[in-house]
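Colleague: Hey, dropping target-v7.pdb in here, PDB, C-alpha atoms:
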```
ATOM      1  CA  MET A 289      -3.392  -7.790 -16.950
ATOM      2  CA  GLN A 290      -0.318  -8.566 -18.992
ATOM      3  CA  GLN A 291       0.056  -6.204 -21.895
ATOM      4  CA  GLU A 292       2.057  -5.882 -25.057
ATOM      5  CA  TYR A 293       3.725  -2.817 -26.451
ATOM      6  CA  GLU A 294       2.582  -2.215 -30.006
ATOM      7  CA  ILE A 295       4.964  -0.437 -32.329
ATOM      8  CA  ILE A 296       3.125   1.495 -35.025
ATOM      9  CA  GLY A 297       4.789   1.709 -38.418
ATOM     10  CA  TYR A 298       4.149   4.645 -40.720
ATOM     11  CA  SER A 299       4.516   3.118 -44.159
ATOM     12  CA  LYS A 300       2.769   5.763 -46.278
ATOM     13  CA  MET A 301       3.436   8.952 -44.352
ATOM     14  CA  PRO A 302       4.848  10.201 -41.056
ATOM     15  CA  HIS A 303       2.608  10.380 -37.975
ATOM     16  CA  ILE A 304      -0.598   8.899 -39.456
ATOM     17  CA  HIS A 305      -1.403   5.214 -39.982
ATOM     18  CA  ILE A 306      -4.759   4.040 -41.367
ATOM     19  CA  PHE A 307      -5.801   0.402 -41.732
ATOM     20  CA  ILE A 308      -8.800  -1.913 -41.721
ATOM     21  CA  ASP A 309      -8.800  -4.984 -39.524
ATOM     22  CA  GLU A 310     -11.261  -7.706 -38.610
ATOM     23  CA  VAL A 311     -10.870  -8.466 -34.928
ATOM     24  CA  ARG A 312     -12.200 -11.284 -32.782
ATOM     25  CA  TYR A 313      -9.758 -10.792 -29.939
ATOM     26  CA  ARG A 314      -6.769  -8.501 -29.460
ATOM     27  CA  THR A 315      -4.565  -8.994 -26.444
ATOM     28  CA  PRO A 316      -4.112  -6.098 -24.023
ATOM     29  CA  HIS A 317      -1.659  -3.676 -25.593
ATOM     30  CA  ILE A 318      -0.411  -0.127 -25.378
ATOM     31  CA  HIS A 319       1.070   2.282 -27.896
ATOM     32  CA  ALA A 320       2.138   5.916 -27.948
ATOM     33  CA  GLU A 321      -0.407   6.924 -30.608
ATOM     34  CA  TYR A 322      -3.888   8.321 -30.246
ATOM     35  CA  GLU A 323      -6.238   5.770 -31.779
ATOM     36  CA  PHE A 324      -9.658   6.016 -33.381
ATOM     37  CA  CYS A 325     -11.736   2.953 -34.268
ATOM     38  CA  PHE A 326     -14.548   3.471 -36.763
ATOM     39  CA  ALA A 327     -16.742   0.343 -36.434
ATOM     40  CA  LEU A 328     -17.588  -0.670 -39.997
ATOM     41  CA  LYS A 329     -19.296  -3.967 -39.213
ATOM     42  CA  GLY A 330     -20.133  -5.953 -36.095
ATOM     43  CA  SER A 331     -19.610  -4.994 -32.494
ATOM     44  CA  GLY A 332     -17.147  -5.443 -29.687
ATOM     45  CA  VAL A 333     -16.011  -4.427 -26.252
ATOM     46  CA  PHE A 334     -12.765  -2.601 -25.620
ATOM     47  CA  ARG A 335     -11.409  -3.242 -22.145
ATOM     48  CA  GLY A 336      -8.864  -1.056 -20.439
ATOM     49  CA  LEU A 337      -7.709  -0.339 -16.946
ATOM     50  CA  GLY A 338     -10.955  -0.644 -15.020
ATOM     51  CA  LYS A 339     -13.231   0.333 -17.892
ATOM     52  CA  GLU A 340     -15.267  -1.206 -20.680
ATOM     53  CA  ILE A 341     -16.370   0.631 -23.807
ATOM     54  CA  SER A 342     -18.845  -1.037 -26.156
ATOM     55  CA  VAL A 343     -18.923  -0.222 -29.844
ATOM     56  CA  ASN A 344     -21.456  -1.090 -32.517
ATOM     57  CA  GLU A 345     -21.501  -0.607 -36.263
ATOM     58  CA  GLY A 346     -21.424   3.095 -37.160
ATOM     59  CA  GLU A 347     -19.857   4.211 -33.872
ATOM     60  CA  ILE A 348     -16.428   5.712 -33.204
ATOM     61  CA  LEU A 349     -14.089   4.980 -30.316
ATOM     62  CA  PHE A 350     -11.171   7.115 -29.179
ATOM     63  CA  PHE A 351      -8.194   5.953 -27.096
ATOM     64  CA  ASP A 352      -5.673   8.271 -25.513
ATOM     65  CA  SER A 353      -2.005   7.656 -26.244
ATOM     66  CA  ALA A 354      -0.488   5.161 -23.829
ATOM     67  CA  ASP A 355      -3.960   3.945 -22.749
ATOM     68  CA  ALA A 356      -3.829   0.150 -22.424
ATOM     69  CA  HIS A 357      -6.717  -1.667 -24.098
ATOM     70  CA  ALA A 358      -7.860  -5.051 -25.402
ATOM     71  CA  ILE A 359     -10.625  -5.943 -27.846
ATOM     72  CA  GLU A 360     -13.133  -8.747 -27.362
ATOM     73  CA  THR A 361     -16.043  -9.604 -29.643
ATOM     74  CA  GLY A 362     -17.312 -12.898 -28.268
ATOM     75  CA  GLU A 363     -18.275 -15.244 -31.079
ATOM     76  CA  ALA A 364     -18.826 -12.442 -33.569
ATOM     77  CA  SER A 365     -16.193 -10.123 -34.984
ATOM     78  CA  LEU A 366     -15.607  -6.427 -35.404
ATOM     79  CA  THR A 367     -14.371  -4.942 -38.649
ATOM     80  CA  GLY A 368     -12.927  -1.545 -37.935
ATOM     81  CA  LEU A 369     -11.236   1.280 -39.742
ATOM     82  CA  PHE A 370      -8.406   2.211 -37.390
ATOM     83  CA  VAL A 371      -6.663   5.582 -37.496
ATOM     84  CA  GLN A 372      -3.548   6.000 -35.379
ATOM     85  CA  ILE A 373      -2.034   9.431 -34.952
ATOM     86  CA  SER A 374       1.396   9.948 -33.430
ATOM     87  CA  ASN A 375       1.344  11.867 -30.172
ATOM     88  CA  ARG A 376       4.282  13.827 -31.635
ATOM     89  CA  PHE A 377       2.229  14.906 -34.674
ATOM     90  CA  LEU A 378       1.061  18.247 -33.255
ATOM     91  CA  ALA A 379       3.513  18.690 -30.387
ATOM     92  CA  GLU A 380       4.994  21.936 -31.705
ATOM     93  CA  TYR A 381       1.767  23.463 -32.978
ATOM     94  CA  VAL A 382      -0.762  22.419 -30.330
ATOM     95  CA  PRO A 383       1.170  22.028 -27.082
ATOM     96  CA  GLU A 384      -2.100  22.036 -25.119
ATOM     97  CA  LEU A 385      -2.690  18.458 -26.337
ATOM     98  CA  HIS A 386       0.185  17.351 -24.120
ATOM     99  CA  GLY A 387       0.217  17.393 -20.363
ATOM    100  CA  LYS A 388      -3.345  16.060 -20.340
ATOM    101  CA  SER A 389      -4.964  12.726 -19.880
ATOM    102  CA  TYR A 390      -7.969  12.085 -22.112
ATOM    103  CA  GLN A 391     -10.780   9.727 -21.287
ATOM    104  CA  SER A 392     -11.059   6.913 -23.803
ATOM    105  CA  ILE A 393     -14.638   7.098 -25.044
ATOM    106  CA  ASN A 394     -17.285   6.187 -27.569
ATOM    107  CA  PHE A 395     -17.885   9.441 -29.469
ATOM    108  CA  LYS A 396     -21.647   8.811 -29.396
ATOM    109  CA  ASP A 397     -21.439   9.916 -25.754
ATOM    110  CA  VAL A 398     -20.065  13.378 -26.605
ATOM    111  CA  LEU A 399     -21.106  14.175 -30.179
ATOM    112  CA  GLY A 400     -24.492  14.506 -31.792
ATOM    113  CA  LEU A 401     -25.690  11.902 -34.267
ATOM    114  CA  SER A 402     -25.202  14.128 -37.324
ATOM    115  CA  GLU A 403     -21.669  15.130 -36.259
ATOM    116  CA  THR A 404     -20.785  11.458 -35.640
ATOM    117  CA  LYS A 405     -22.136  10.457 -39.069
ATOM    118  CA  GLY A 406     -20.211  13.310 -40.701
ATOM    119  CA  LEU A 407     -16.938  12.255 -39.066
ATOM    120  CA  PHE A 408     -17.582   8.643 -40.060
ATOM    121  CA  ALA A 409     -18.183   9.623 -43.694
ATOM    122  CA  LEU A 410     -15.023  11.748 -43.690
ATOM    123  CA  ALA A 411     -13.050   8.790 -42.293
ATOM    124  CA  ILE A 412     -14.259   6.544 -45.118
ATOM    125  CA  LYS A 413     -13.419   9.180 -47.752
ATOM    126  CA  THR A 414      -9.958   9.744 -46.248
ATOM    127  CA  ALA A 415      -9.244   6.005 -46.003
ATOM    128  CA  ARG A 416     -10.191   5.406 -49.634
ATOM    129  CA  SER A 417      -7.829   8.161 -50.751
ATOM    130  CA  TYR A 418      -5.073   6.888 -48.408
ATOM    131  CA  PHE A 419      -5.341   3.255 -49.558
ATOM    132  CA  ALA A 420      -5.412   4.210 -53.249
ATOM    133  CA  GLU A 421      -2.624   6.769 -52.725
ATOM    134  CA  GLU A 422      -4.610   9.281 -54.720
ATOM    135  CA  GLU A 423      -3.023  12.610 -55.518
ATOM    136  CA  GLY A 424      -3.146  14.707 -52.336
ATOM    137  CA  PHE A 425      -3.896  11.750 -50.035
ATOM    138  CA  ARG A 426      -1.293  12.880 -47.501
ATOM    139  CA  LEU A 427      -2.822  16.348 -47.247
ATOM    140  CA  GLN A 428      -6.273  14.812 -46.884
ATOM    141  CA  ALA A 429      -4.998  12.506 -44.110
ATOM    142  CA  VAL A 430      -3.400  15.446 -42.277
ATOM    143  CA  GLU A 431      -6.628  17.450 -42.556
ATOM    144  CA  PHE A 432      -8.582  14.477 -41.199
ATOM    145  CA  ALA A 433      -6.146  13.998 -38.297
ATOM    146  CA  LEU A 434      -6.489  17.698 -37.421
ATOM    147  CA  THR A 435     -10.290  17.382 -37.481
ATOM    148  CA  CYS A 436     -10.143  14.359 -35.155
ATOM    149  CA  MET A 437      -7.747  15.976 -32.702
ATOM    150  CA  LYS A 438      -9.815  19.180 -32.617
ATOM    151  CA  LEU A 439     -12.819  17.068 -31.622
ATOM    152  CA  VAL A 440     -10.728  15.444 -28.898
ATOM    153  CA  LEU A 441      -9.690  18.827 -27.526
ATOM    154  CA  ASN A 442     -13.217  20.234 -27.662
ATOM    155  CA  HIS A 443     -15.353  17.259 -26.628
ATOM    156  CA  VAL A 444     -13.413  14.512 -24.856
ATOM    157  CA  PRO A 445     -13.322  14.655 -21.054
ATOM    158  CA  GLN A 446      -9.786  15.443 -19.972
ATOM    159  CA  LYS A 447      -7.760  16.350 -16.964
ATOM    160  CA  SER A 448      -4.526  18.223 -16.672
ATOM    161  CA  LEU A 449      -1.706  16.104 -15.377
ATOM    162  CA  ASN A 450       0.513  17.318 -12.593
ATOM    163  CA  PRO A 451       4.078  17.873 -13.777
ATOM    164  CA  LYS A 452       5.295  14.522 -12.403
ATOM    165  CA  ASP A 453       2.529  12.491 -14.107
ATOM    166  CA  ALA A 454       2.968  14.432 -17.362
ATOM    167  CA  ARG A 455       6.706  13.698 -17.245
ATOM    168  CA  VAL A 456       6.055   9.961 -16.667
ATOM    169  CA  LYS A 457       3.568   9.853 -19.563
ATOM    170  CA  ASP A 458       6.069  11.662 -21.826
ATOM    171  CA  GLN A 459       8.908   9.359 -20.724
ATOM    172  CA  ASN A 460       6.846   6.275 -21.500
ATOM    173  CA  ALA A 461       5.928   7.675 -24.905
ATOM    174  CA  MET A 462       9.560   8.570 -25.605
ATOM    175  CA  ARG A 463      10.651   5.068 -24.559
ATOM    176  CA  LEU A 464       8.212   3.627 -27.114
ATOM    177  CA  MET A 465       9.505   6.055 -29.749
ATOM    178  CA  ARG A 466      13.121   5.008 -29.080
ATOM    179  CA  ILE A 467      12.145   1.343 -29.457
ATOM    180  CA  MET A 468      10.322   2.135 -32.697
ATOM    181  CA  ASP A 469      13.280   4.155 -34.040
ATOM    182  CA  TYR A 470      15.655   1.282 -33.143
ATOM    183  CA  ILE A 471      13.469  -1.234 -34.973
ATOM    184  CA  ASP A 472      13.208   1.060 -37.998
ATOM    185  CA  ARG A 473      17.001   1.443 -38.157
ATOM    186  CA  SER A 474      17.597  -2.317 -37.804
ATOM    187  CA  GLU A 475      15.224  -3.043 -40.711
ATOM    188  CA  GLU A 476      17.193  -0.825 -43.134
TER     189      GLU A 476
END
```
Transcribe the structure of this file into structure tokens.
Modeller:
Amino acid sequence: MQQEYEIIGYSKMPHIHIFIDEVRYRTPHIHAEYEFCFALKGSGVFRGLGKEISVNEGEILFFDSADAHAIETGEASLTGLFVQISNRFLAEYVPELHGKSYQSINFKDVLGLSETKGLFALAIKTARSYFAEEEGFRLQAVEFALTCMKLVLNHVPQKSLNPKDARVKDQNAMRLMRIMDYIDRSEE
């Protein structure tokens, strides 16, 4: 599977990018950010290395940083609220996030229905504030990102990486960050 490297831009604030996209097909790609997809309308299948994760309206997907994935919807489409959080966002404060590999999942498999609905509602509220750039939207986005990452730590299946694999994952992420920094500097 040929894949692209996606460079995430942070136009409104560092470390957190929120957007809505209608997707019919997205080529296999990889990025250094953790990614959440809140399915607003439609359904789709996310394909990664040897795995398929289906998503329907009202469900939430999570992808680990540097986890290659593609999106296919067949003849329909998927409208999703996507939240991308830099893997450097909590590096100093929550070092236990690093050195682990997280299973990319549909949150319906690990959270209860009421907790999933609550997170979905919070995502919508946060996105509205973010898009409108309401007073305090950055703080609200940070609070939301912390909530999401706490759920990842507490509910998403994970395994500790041996030092060599952790180093390779970090090197790949740093390589992506250097590319992103280079592009940012060349656009100035």
Colleague: Sort by chain and increasing residue number a table of all residues of range 300-355 of chain A within 8 Å of range 400-419 of chain A, each with its closest pair of atoms and their distance in Å to one decimal, counting only C-alpha atoms, and write it as a tab-separated table.
Modeller:
```
residue	atom	partner	partner_atom	distance
A:Ile306	CA	A:Ala415	CA	6.7
A:Phe307	CA	A:Ala415	CA	7.8
A:Phe326	CA	A:Phe408	CA	6.8
A:Gly346	CA	A:Phe408	CA	7.3
A:Glu347	CA	A:Thr404	CA	7.5
A:Ile348	CA	A:Phe408	CA	7.5
```
Colleague: Write the selection just made, keeping C-alpha atoms, as a compact mmCIF listing (two decimals), keeping the file's coordinate frame?
Modeller:
```
# COMPACT_ATOMS: atom_id res chain seq x y z
CA ILE A 306 -4.76 4.04 -41.37
CA PHE A 307 -5.80 0.40 -41.73
CA PHE A 326 -14.55 3.47 -36.76
CA GLY A 346 -21.42 3.10 -37.16
CA GLU A 347 -19.86 4.21 -33.87
CA ILE A 348 -16.43 5.71 -33.20
```
Colleague: Mind giving me the straight-line distance from CA of Leu369 in chain A to CA of Glu384 in chain A in Å, one decimal?
Modeller: 27.0 Å
Colleague: To one decimal place, how far is CA of Glu421 in chain A from CA of Ile373 in chain A in Å?
Modeller: 18.0 Å
Colleague: Grab the CA of His357 in chain A to CA of Leu385 in chain A distance for me, in Å with one decimal place.
Modeller: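 Answer for the CA of His357 in chain A to CA of Leu385 in chain A separation: 20.6 Å.
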Colleague: Considering only C-alpha atoms, state which residue in the set A:Leu449, A:Ala420, A:Thr361, A:Arg314 is at the smallest distance from Lys329 in chain A.
Modeller: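 Result for the nearest residue to Lys329 in chain A: A:Thr361.
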Colleague: Given all atoms listed in the file, how would the per-residue table for range 322-430 of chain A near range 299-305 of chain A read, listing every residue at most 10 Å away with its closest atom pair and distance in Å to one decimal, sorted by chain and number, as a Markdown table?
Modeller:
```
| residue | atom | partner | partner_atom | distance |
| --- | --- | --- | --- | --- |
| A:Tyr322 | CA | A:Ile304 | CA | 9.8 |
| A:Glu323 | CA | A:His305 | CA | 9.5 |
| A:Phe370 | CA | A:His305 | CA | 8.0 |
| A:Val371 | CA | A:His305 | CA | 5.8 |
| A:Gln372 | CA | A:His305 | CA | 5.1 |
| A:Ile373 | CA | A:Ile304 | CA | 4.8 |
| A:Ser374 | CA | A:His303 | CA | 4.7 |
| A:Asn375 | CA | A:His303 | CA | 8.0 |
| A:Arg376 | CA | A:His303 | CA | 7.4 |
| A:Phe377 | CA | A:His303 | CA | 5.6 |
| A:Leu378 | CA | A:His303 | CA | 9.3 |
| A:Ala415 | CA | A:His305 | CA | 9.9 |
| A:Tyr418 | CA | A:Lys300 | CA | 8.2 |
| A:Phe419 | CA | A:Lys300 | CA | 9.1 |
| A:Glu421 | CA | A:Lys300 | CA | 8.5 |
| A:Phe425 | CA | A:Met301 | CA | 9.7 |
| A:Arg426 | CA | A:Met301 | CA | 6.9 |
| A:Ala429 | CA | A:Ile304 | CA | 7.4 |
| A:Val430 | CA | A:Ile304 | CA | 7.7 |
```
Colleague: Write the residues of the selection above to a file with C-alpha atoms, as a short mmCIF file (atom, residue, chain, number, x, y, z; two decimals), keeping the file's coordinate frame.
Modeller:
```cif
data_model
loop_
_atom_site.label_atom_id
_atom_site.label_comp_id
_atom_site.auth_asym_id
_atom_site.auth_seq_id
_atom_site.Cartn_x
_atom_site.Cartn_y
_atom_site.Cartn_z
CA TYR A 322 -3.89 8.32 -30.25
CA GLU A 323 -6.24 5.77 -31.78
CA PHE A 370 -8.41 2.21 -37.39
CA VAL A 371 -6.66 5.58 -37.50
CA GLN A 372 -3.55 6.00 -35.38
CA ILE A 373 -2.03 9.43 -34.95
CA SER A 374 1.40 9.95 -33.43
CA ASN A 375 1.34 11.87 -30.17
CA ARG A 376 4.28 13.83 -31.64
CA PHE A 377 2.23 14.91 -34.67
CA LEU A 378 1.06 18.25 -33.26
CA ALA A 415 -9.24 6.00 -46.00
CA TYR A 418 -5.07 6.89 -48.41
CA PHE A 419 -5.34 3.26 -49.56
CA GLU A 421 -2.62 6.77 -52.72
CA PHE A 425 -3.90 11.75 -50.04
CA ARG A 426 -1.29 12.88 -47.50
CA ALA A 429 -5.00 12.51 -44.11
CA VAL A 430 -3.40 15.45 -42.28
#
```
Colleague: Report as a list in words the residues that result from applying the PyMOL selection byres ((chain A and resi 436-444) around 9) to the structure here.
Modeller: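 When the PyMOL selection byres ((chain A and resi 436-444) around 9) is applied to the shown file, the picked residues are Tyr322, Phe324, Phe350, Ile373, Glu384, Leu385, Tyr390, Gln391, Ser392, Ile393, Phe395, Val398, Leu399, Leu407, Glu431, Phe432, Ala433, Leu434, Thr435, Pro445 and Gln446 of chain A.
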Colleague: Leaving out range 334-336 of chain A and any residue of its chain fewer than 2 positions from it, which residues lie within 7 Å of it when counting all atoms listed in the file, given as a PyMOL selection string?
Modeller: chain A and resi 332+338-342+356-360
Colleague: Given the file above and the PyMOL selection byres ((chain A and resi 364) around 10), which residues are selected, and can you give them as a compact mmCIF listing (two decimals) with C-alpha atoms, in the coordinates of the input?
Modeller:
```txt
# COMPACT_ATOMS: atom_id res chain seq x y z
CA VAL A 311 -10.87 -8.47 -34.93
CA ARG A 312 -12.20 -11.28 -32.78
CA TYR A 313 -9.76 -10.79 -29.94
CA GLY A 330 -20.13 -5.95 -36.10
CA SER A 331 -19.61 -4.99 -32.49
CA GLY A 332 -17.15 -5.44 -29.69
CA GLU A 360 -13.13 -8.75 -27.36
CA THR A 361 -16.04 -9.60 -29.64
CA GLY A 362 -17.31 -12.90 -28.27
CA GLU A 363 -18.27 -15.24 -31.08
CA SER A 365 -16.19 -10.12 -34.98
CA LEU A 366 -15.61 -6.43 -35.40
```
Colleague: Between A:Gln428, A:Ser353, A:Asp309, A:Glu422, single out the one closest to Lys388 in chain A, counting all atoms listed in the file.
Modeller: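 Closest candidate: A:Ser353.
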Colleague: Please determine, counting all atoms listed in the file, which residue among A:Thr315, A:Gly368, A:Asn394, A:His386 has the shortest atom-to-atom distance to Phe351 in chain A.
Modeller: A:Asn394
Colleague: Nearest to Lys447 in chain A: which of A:His317, A:Glu310, A:Lys396, A:Asp352 is it, counting all atoms listed in the file?
Modeller: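 Ranking A:His317, A:Glu310, A:Lys396, A:Asp352 by distance to Lys447 in chain A, first place goes to A:Asp352.
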Colleague: Can you tell me, as JSON, the centre and edge lengths (Å, one decimal) of the axis-aligned box enclosing all of range 336-342 of chain A's listed atoms after padding each side by 8 Å?
Modeller:
```
{"center_x": -13.3, "center_y": -0.3, "center_z": -20.6, "size_x": 27.1, "size_y": 17.8, "size_z": 27.1}
```
